[in-house]
Structures are given as C-alpha cells and as structure tokens.
$ cat my_file-v4.pdb   # PDB, C-alpha atoms
ATOM      1  CA  MET A   1      76.460  84.296  98.224  1.00  0.00           C
ATOM      2  CA  GLN A   2      74.555  87.515  97.681  1.00  0.00           C
ATOM      3  CA  MET A   3      76.553  90.699  98.200  1.00  0.00           C
ATOM      4  CA  PRO A   4      75.437  92.817 101.136  1.00  0.00           C
ATOM      5  CA  ASP A   5      74.079  96.287 100.607  1.00  0.00           C
ATOM      6  CA  MET A   6      77.372  98.029 101.137  1.00  0.00           C
ATOM      7  CA  GLU A   7      79.167 101.199 100.097  1.00  0.00           C
ATOM      8  CA  PRO A   8      80.776 100.306  96.713  1.00  0.00           C
ATOM      9  CA  SER A   9      84.274 101.383  97.786  1.00  0.00           C
ATOM     10  CA  TYR A  10      84.124  99.024 100.788  1.00  0.00           C
ATOM     11  CA  LEU A  11      82.816  96.237  98.602  1.00  0.00           C
ATOM     12  CA  LEU A  12      85.647  96.775  96.100  1.00  0.00           C
ATOM     13  CA  PHE A  13      88.206  96.819  98.922  1.00  0.00           C
ATOM     14  CA  GLY A  14      86.965  93.463 100.239  1.00  0.00           C
ATOM     15  CA  THR A  15      86.674  91.980  96.765  1.00  0.00           C
ATOM     16  CA  ILE A  16      90.328  92.824  96.057  1.00  0.00           C
ATOM     17  CA  PHE A  17      91.420  90.851  99.123  1.00  0.00           C
ATOM     18  CA  ALA A  18      89.207  87.860  98.316  1.00  0.00           C
ATOM     19  CA  LEU A  19      90.338  87.865  94.695  1.00  0.00           C
ATOM     20  CA  GLU A  20      94.010  88.059  95.687  1.00  0.00           C
ATOM     21  CA  ASN A  21      93.594  84.937  97.831  1.00  0.00           C
ATOM     22  CA  ARG A  22      91.733  83.049  95.110  1.00  0.00           C
ATOM     23  CA  LEU A  23      94.281  84.014  92.437  1.00  0.00           C
ATOM     24  CA  GLN A  24      97.119  82.849  94.659  1.00  0.00           C
ATOM     25  CA  VAL A  25      95.473  79.427  95.070  1.00  0.00           C
ATOM     26  CA  LEU A  26      94.814  79.135  91.316  1.00  0.00           C
ATOM     27  CA  GLY A  27      98.344  80.268  90.507  1.00  0.00           C
ATOM     28  CA  ASP A  28      99.870  77.794  92.944  1.00  0.00           C
ATOM     29  CA  ARG A  29      97.898  75.005  91.209  1.00  0.00           C
ATOM     30  CA  LEU A  30      99.044  76.093  87.744  1.00  0.00           C
ATOM     31  CA  LEU A  31     102.747  76.296  88.600  1.00  0.00           C
ATOM     32  CA  GLU A  32     104.640  73.181  89.645  1.00  0.00           C
ATOM     33  CA  GLU A  33     108.067  74.511  90.516  1.00  0.00           C
ATOM     34  CA  ILE A  34     107.258  77.808  92.211  1.00  0.00           C
ATOM     35  CA  THR A  35     104.489  79.604  94.065  1.00  0.00           C
ATOM     36  CA  ALA A  36     102.269  82.293  92.554  1.00  0.00           C
ATOM     37  CA  LYS A  37     104.093  84.937  94.622  1.00  0.00           C
ATOM     38  CA  GLN A  38     107.450  83.718  93.345  1.00  0.00           C
ATOM     39  CA  TRP A  39     106.069  83.766  89.808  1.00  0.00           C
ATOM     40  CA  PHE A  40     104.891  87.354  90.250  1.00  0.00           C
ATOM     41  CA  VAL A  41     108.349  88.434  91.414  1.00  0.00           C
ATOM     42  CA  LEU A  42     109.849  86.769  88.321  1.00  0.00           C
ATOM     43  CA  VAL A  43     107.316  88.500  86.054  1.00  0.00           C
ATOM     44  CA  VAL A  44     108.157  91.876  87.571  1.00  0.00           C
ATOM     45  CA  LEU A  45     111.870  91.096  87.260  1.00  0.00           C
ATOM     46  CA  GLY A  46     111.297  90.567  83.547  1.00  0.00           C
ATOM     47  CA  LEU A  47     109.864  94.081  83.234  1.00  0.00           C
ATOM     48  CA  PHE A  48     113.312  95.504  83.984  1.00  0.00           C
ATOM     49  CA  GLY A  49     114.668  94.059  80.733  1.00  0.00           C
ATOM     50  CA  GLU A  50     118.460  93.946  80.550  1.00  0.00           C
ATOM     51  CA  LYS A  51     118.890  96.085  83.690  1.00  0.00           C
ATOM     52  CA  ALA A  52     119.332  94.047  86.848  1.00  0.00           C
ATOM     53  CA  PRO A  53     117.294  95.789  89.553  1.00  0.00           C
ATOM     54  CA  THR A  54     118.309  96.090  93.164  1.00  0.00           C
ATOM     55  CA  LEU A  55     116.213  94.223  95.702  1.00  0.00           C
ATOM     56  CA  GLY A  56     114.796  97.599  96.763  1.00  0.00           C
ATOM     57  CA  GLU A  57     113.760  98.502  93.213  1.00  0.00           C
ATOM     58  CA  LEU A  58     112.203  95.067  92.731  1.00  0.00           C
ATOM     59  CA  ALA A  59     110.323  95.338  96.044  1.00  0.00           C
ATOM     60  CA  GLU A  60     108.969  98.767  95.041  1.00  0.00           C
ATOM     61  CA  GLU A  61     107.609  97.444  91.748  1.00  0.00           C
ATOM     62  CA  VAL A  62     106.215  94.273  93.340  1.00  0.00           C
ATOM     63  CA  GLY A  63     104.474  96.432  95.935  1.00  0.00           C
ATOM     64  CA  SER A  64     105.881  94.507  98.856  1.00  0.00           C
ATOM     65  CA  SER A  65     108.449  95.060 101.582  1.00  0.00           C
ATOM     66  CA  TYR A  66     112.168  94.714 100.983  1.00  0.00           C
ATOM     67  CA  GLN A  67     112.319  91.814 103.472  1.00  0.00           C
ATOM     68  CA  ASN A  68     109.466  89.893 101.814  1.00  0.00           C
ATOM     69  CA  VAL A  69     110.994  90.231  98.349  1.00  0.00           C
ATOM     70  CA  LYS A  70     114.434  89.318  99.714  1.00  0.00           C
ATOM     71  CA  GLN A  71     113.018  86.087 101.179  1.00  0.00           C
ATOM     72  CA  ILE A  72     111.302  85.244  97.886  1.00  0.00           C
ATOM     73  CA  ALA A  73     114.479  86.072  95.920  1.00  0.00           C
ATOM     74  CA  LEU A  74     116.567  83.831  98.191  1.00  0.00           C
ATOM     75  CA  LYS A  75     114.175  80.933  97.528  1.00  0.00           C
ATOM     76  CA  LEU A  76     114.266  81.639  93.794  1.00  0.00           C
ATOM     77  CA  GLU A  77     118.067  81.691  93.927  1.00  0.00           C
ATOM     78  CA  LYS A  78     118.097  78.261  95.639  1.00  0.00           C
ATOM     79  CA  LYS A  79     115.869  76.967  92.827  1.00  0.00           C
ATOM     80  CA  GLY A  80     118.222  78.416  90.205  1.00  0.00           C
ATOM     81  CA  TYR A  81     115.926  81.071  88.689  1.00  0.00           C
ATOM     82  CA  VAL A  82     117.883  84.159  89.789  1.00  0.00           C
ATOM     83  CA  THR A  83     121.300  85.124  91.032  1.00  0.00           C
ATOM     84  CA  LEU A  84     121.854  87.684  93.774  1.00  0.00           C
ATOM     85  CA  GLU A  85     125.042  89.717  93.632  1.00  0.00           C
ATOM     86  CA  SER A  86     126.502  92.857  95.151  1.00  0.00           C
ATOM     87  CA  ASP A  87     126.269  96.020  93.088  1.00  0.00           C
ATOM     88  CA  LYS A  88     129.817  96.907  92.015  1.00  0.00           C
ATOM     89  CA  SER A  89     129.138 100.638  92.455  1.00  0.00           C
ATOM     90  CA  ASP A  90     127.531 100.241  95.905  1.00  0.00           C
ATOM     91  CA  ARG A  91     128.289  97.032  97.811  1.00  0.00           C
ATOM     92  CA  ARG A  92     125.340  97.678 100.172  1.00  0.00           C
ATOM     93  CA  LYS A  93     122.923  97.052  97.296  1.00  0.00           C
ATOM     94  CA  CYS A  94     122.010  93.593  96.042  1.00  0.00           C
ATOM     95  CA  LEU A  95     121.215  93.074  92.346  1.00  0.00           C
ATOM     96  CA  VAL A  96     118.764  90.426  91.135  1.00  0.00           C
ATOM     97  CA  ARG A  97     119.532  88.795  87.787  1.00  0.00           C
ATOM     98  CA  PRO A  98     117.452  86.206  85.946  1.00  0.00           C
ATOM     99  CA  THR A  99     119.190  82.982  84.908  1.00  0.00           C
ATOM    100  CA  ARG A 100     118.793  80.783  81.837  1.00  0.00           C
ATOM    101  CA  GLN A 101     116.527  78.579  83.958  1.00  0.00           C
ATOM    102  CA  TRP A 102     114.226  81.622  84.434  1.00  0.00           C
ATOM    103  CA  PHE A 103     113.873  81.941  80.659  1.00  0.00           C
ATOM    104  CA  GLU A 104     113.161  78.204  80.321  1.00  0.00           C
ATOM    105  CA  LEU A 105     110.473  78.434  82.997  1.00  0.00           C
ATOM    106  CA  GLY A 106     108.847  81.295  81.091  1.00  0.00           C
ATOM    107  CA  GLU A 107     108.814  79.229  77.903  1.00  0.00           C
ATOM    108  CA  LYS A 108     107.323  76.237  79.732  1.00  0.00           C
ATOM    109  CA  TYR A 109     104.427  78.273  81.120  1.00  0.00           C
ATOM    110  CA  ASP A 110     103.801  80.533  78.133  1.00  0.00           C
ATOM    111  CA  ALA A 111     100.845  78.543  76.745  1.00  0.00           C
ATOM    112  CA  PRO A 112      99.339  77.568  80.144  1.00  0.00           C
ATOM    113  CA  SER A 113      99.584  81.200  81.312  1.00  0.00           C
ATOM    114  CA  THR A 114      97.836  82.388  78.169  1.00  0.00           C
ATOM    115  CA  ARG A 115      94.998  79.892  78.736  1.00  0.00           C
ATOM    116  CA  PHE A 116      94.780  80.939  82.388  1.00  0.00           C
ATOM    117  CA  MET A 117      94.420  84.618  81.440  1.00  0.00           C
ATOM    118  CA  GLU A 118      91.858  83.833  78.727  1.00  0.00           C
ATOM    119  CA  GLN A 119      89.752  81.873  81.222  1.00  0.00           C
ATOM    120  CA  LEU A 120      90.105  84.502  83.932  1.00  0.00           C
ATOM    121  CA  PHE A 121      88.959  87.353  81.681  1.00  0.00           C
ATOM    122  CA  ALA A 122      86.392  85.370  79.654  1.00  0.00           C
ATOM    123  CA  GLY A 123      83.253  87.376  78.975  1.00  0.00           C
ATOM    124  CA  ILE A 124      84.649  90.660  80.235  1.00  0.00           C
ATOM    125  CA  PRO A 125      84.806  93.329  77.501  1.00  0.00           C
ATOM    126  CA  GLN A 126      88.154  95.066  76.914  1.00  0.00           C
ATOM    127  CA  GLU A 127      86.636  98.450  77.799  1.00  0.00           C
ATOM    128  CA  GLU A 128      85.626  97.105  81.233  1.00  0.00           C
ATOM    129  CA  ILE A 129      89.129  95.730  81.737  1.00  0.00           C
ATOM    130  CA  ARG A 130      90.614  99.136  80.846  1.00  0.00           C
ATOM    131  CA  ARG A 131      88.294 100.812  83.380  1.00  0.00           C
ATOM    132  CA  ALA A 132      89.274  98.314  86.061  1.00  0.00           C
ATOM    133  CA  VAL A 133      92.959  98.951  85.351  1.00  0.00           C
ATOM    134  CA  TRP A 134      92.351 102.695  85.646  1.00  0.00           C
ATOM    135  CA  VAL A 135      90.637 102.277  89.037  1.00  0.00           C
ATOM    136  CA  LEU A 136      93.274  99.893  90.387  1.00  0.00           C
ATOM    137  CA  GLN A 137      96.119 102.136  89.239  1.00  0.00           C
ATOM    138  CA  GLY A 138      94.413 105.030  91.015  1.00  0.00           C
ATOM    139  CA  LEU A 139      94.187 102.975  94.194  1.00  0.00           C
ATOM    140  CA  GLN A 140      97.848 102.067  93.847  1.00  0.00           C
ATOM    141  CA  ARG A 141      98.884 105.718  93.412  1.00  0.00           C
ATOM    142  CA  ASN A 142      96.799 106.772  96.417  1.00  0.00           C
ATOM    143  CA  SER A 143      98.131 103.950  98.574  1.00  0.00           C
ATOM    144  CA  LYS A 144     101.728 105.008  97.879  1.00  0.00           C
ATOM    145  CA  THR A 145     101.078 108.460  99.327  1.00  0.00           C
ATOM    146  CA  MET A 146      99.210 107.255 102.410  1.00  0.00           C
ATOM    147  CA  GLY A 147     101.088 107.408 105.705  1.00  0.00           C
ATOM    148  CA  LYS A 148     103.729 109.787 104.388  1.00  0.00           C
ATOM    149  CA  ASP A 149     102.424 112.835 106.234  1.00  0.00           C
TER     150      ASP A 149
END
$ encode --input "my_file-v4.pdb" --output "structure tokens"
Amino acid sequence: MQMPDMEPSYLLFGTIFALENRLQVLGDRLLEEITAKQWFVLVVLGLFGEKAPTLGELAEEVGSSYQNVKQIALKLEKKGYVTLESDKSDRRKCLVRPTRQWFELGEKYDAPSTRFMEQLFAGIPQEEIRRAVWVLQGLQRNSKTMGKD
C-alpha cells in the first residue's frame, strides 16, 4: 500500500500504532507460554535488577496503567513467573519479584529473541536506529507531560 501524502508527524503517529499491533502478533507467535505484553512486563521487571519494584513503579516504566499491569502481573503469578507480596514498609504497596521460572524462561528465549531482533532490524543502519530511539524517547517525554496542566 502506498503511503498517502500526509504530514510526517501524523504518518509517524499512525505507523507507531500499526507497528505496535504487528509486533504484538509476531511476539505472540514467538512465545509459547506467555503473550508479548506479558513478556514486555517481564523484560521491564528485569531492568530493576535486584530491587523488587512496586506495581506502580513497574506500571510507570511499562508505560501502562496500574490496573493493566496488575492484571498482567496476576496472570504471570498464576503461571509462576513472578510473586506478588506486600511491601513490609508500606502494606498498601505490592512488590513484584521474579521467580526462578522467570530466569529459565529468559534462558529458553535468549537465542530466539536474538534472531527475532536481528530479523526485525535487518538492513537498518545503527545510526538510523539511534535517531529513531531519540525521536521515540522525545515522544515519550512529551507524552508524560501532556494532560498535566
């Protein structure tokens, strides 16, 4: 399909949505045990290292609502990939901790994930990828400040 003659920012906005849908379908095909959204939550959880984040902190980094991440975390807990526990210093907060099964899942998908990323970014120079990251991070920063006035 040929792209319409459209303002580039509108075209980028639409492309992001279409790409998100396509990546979710591809991710769901790659992963047997979990969905692409569940996988993304687990990846973000791994970025916290040894510190167990609260559901709120995890939701902030995932870029989704507390309720959406809570629902995903509950499903991941049922599957044995995380544990949810009350924060000892503030019982109102819920901590998310990865389990041994989470680490095993990461090991299982290490090579397939690498192949997936290589195929996805094939033919795109590193400098172009860096520029795309810069633009998307700018959009993310701007989106966080929208609606706060």
$ resolve_selection --input "my_file-v4.pdb" --expression "the PyMOL selection byres ((chain A and resi 93-101) around 7)" --output "list in words"
Ala52, Pro53, Thr54, Leu55, Gly80, Tyr81, Val82, Thr83, Leu84, Glu85, Ser86, Asp87, Asp90, Arg91, Arg92, Trp102, Phe103, Glu104 and Leu105 of chain A
$ residues_around --input "my_file-v4.pdb" --residues "A:Asp110" --least-positions-apart "6" --cutoff "12 Å" --atoms "all atoms listed in the file" --output "PDB file with C-alpha atoms, in the frame of the given file"
ATOM      1  CA  LEU A  30      99.044  76.093  87.744  1.00  0.00           C
ATOM      2  CA  LEU A  31     102.747  76.296  88.600  1.00  0.00           C
ATOM      3  CA  VAL A  43     107.316  88.500  86.054  1.00  0.00           C
ATOM      4  CA  PHE A 103     113.873  81.941  80.659  1.00  0.00           C
ATOM      5  CA  GLU A 104     113.161  78.204  80.321  1.00  0.00           C
ATOM      6  CA  PHE A 116      94.780  80.939  82.388  1.00  0.00           C
ATOM      7  CA  MET A 117      94.420  84.618  81.440  1.00  0.00           C
TER       8      MET A 117
END
$ resolve_selection --input "my_file-v4.pdb" --expression "the PyMOL selection byres ((chain A and resi 73) around 8)" --output "PDB file with C-alpha atoms, in the frame of the given file"
ATOM      1  CA  GLN A  38     107.450  83.718  93.345  1.00  0.00           C
ATOM      2  CA  VAL A  41     108.349  88.434  91.414  1.00  0.00           C
ATOM      3  CA  VAL A  69     110.994  90.231  98.349  1.00  0.00           C
ATOM      4  CA  LYS A  70     114.434  89.318  99.714  1.00  0.00           C
ATOM      5  CA  GLN A  71     113.018  86.087 101.179  1.00  0.00           C
ATOM      6  CA  ILE A  72     111.302  85.244  97.886  1.00  0.00           C
ATOM      7  CA  LEU A  74     116.567  83.831  98.191  1.00  0.00           C
ATOM      8  CA  LYS A  75     114.175  80.933  97.528  1.00  0.00           C
ATOM      9  CA  LEU A  76     114.266  81.639  93.794  1.00  0.00           C
ATOM     10  CA  GLU A  77     118.067  81.691  93.927  1.00  0.00           C
ATOM     11  CA  VAL A  82     117.883  84.159  89.789  1.00  0.00           C
ATOM     12  CA  LEU A  84     121.854  87.684  93.774  1.00  0.00           C
ATOM     13  CA  VAL A  96     118.764  90.426  91.135  1.00  0.00           C
TER      14      VAL A  96
END
$ resolve_selection --input "my_file-v4.pdb" --expression "the PyMOL selection byres ((chain A and resi 129-145) around 12)" --output "list in words"
Ser9, Leu12, Phe13, Ile16, Glu60, Glu61, Val62, Gly63, Ser64, Leu120, Phe121, Ala122, Gly123, Ile124, Pro125, Gln126, Glu127, Glu128, Met146, Gly147, Lys148 and Asp149 of chain A
$ closest_residue --input "my_file-v4.pdb" --among "A:Ala59, A:Ser89, A:Ala18, A:Gln119" --to "A:Leu42" --atoms "all atoms listed in the file"
A:Ala59
$ residues_around --input "my_file-v4.pdb" --residues "A:Gly27" --least-positions-apart "4" --cutoff "9 Å" --atoms "all atoms listed in the file" --output "PyMOL selection string"
chain A and resi 22-23+31+35-37+39+116
$ atom_distance --input "my_file-v4.pdb" --atom1 "atom CA of A:Val44" --atom2 "atom CA of A:Leu58"
7.3 Å
$ atom_distance --input "my_file-v4.pdb" --atom1 "atom CA of A:Glu118" --atom2 "atom CA of A:Glu32"
19.9 Å
$ atom_distance --input "my_file-v4.pdb" --atom1 "atom CA of A:Asn68" --atom2 "atom CA of A:Glu33"
19.1 Å
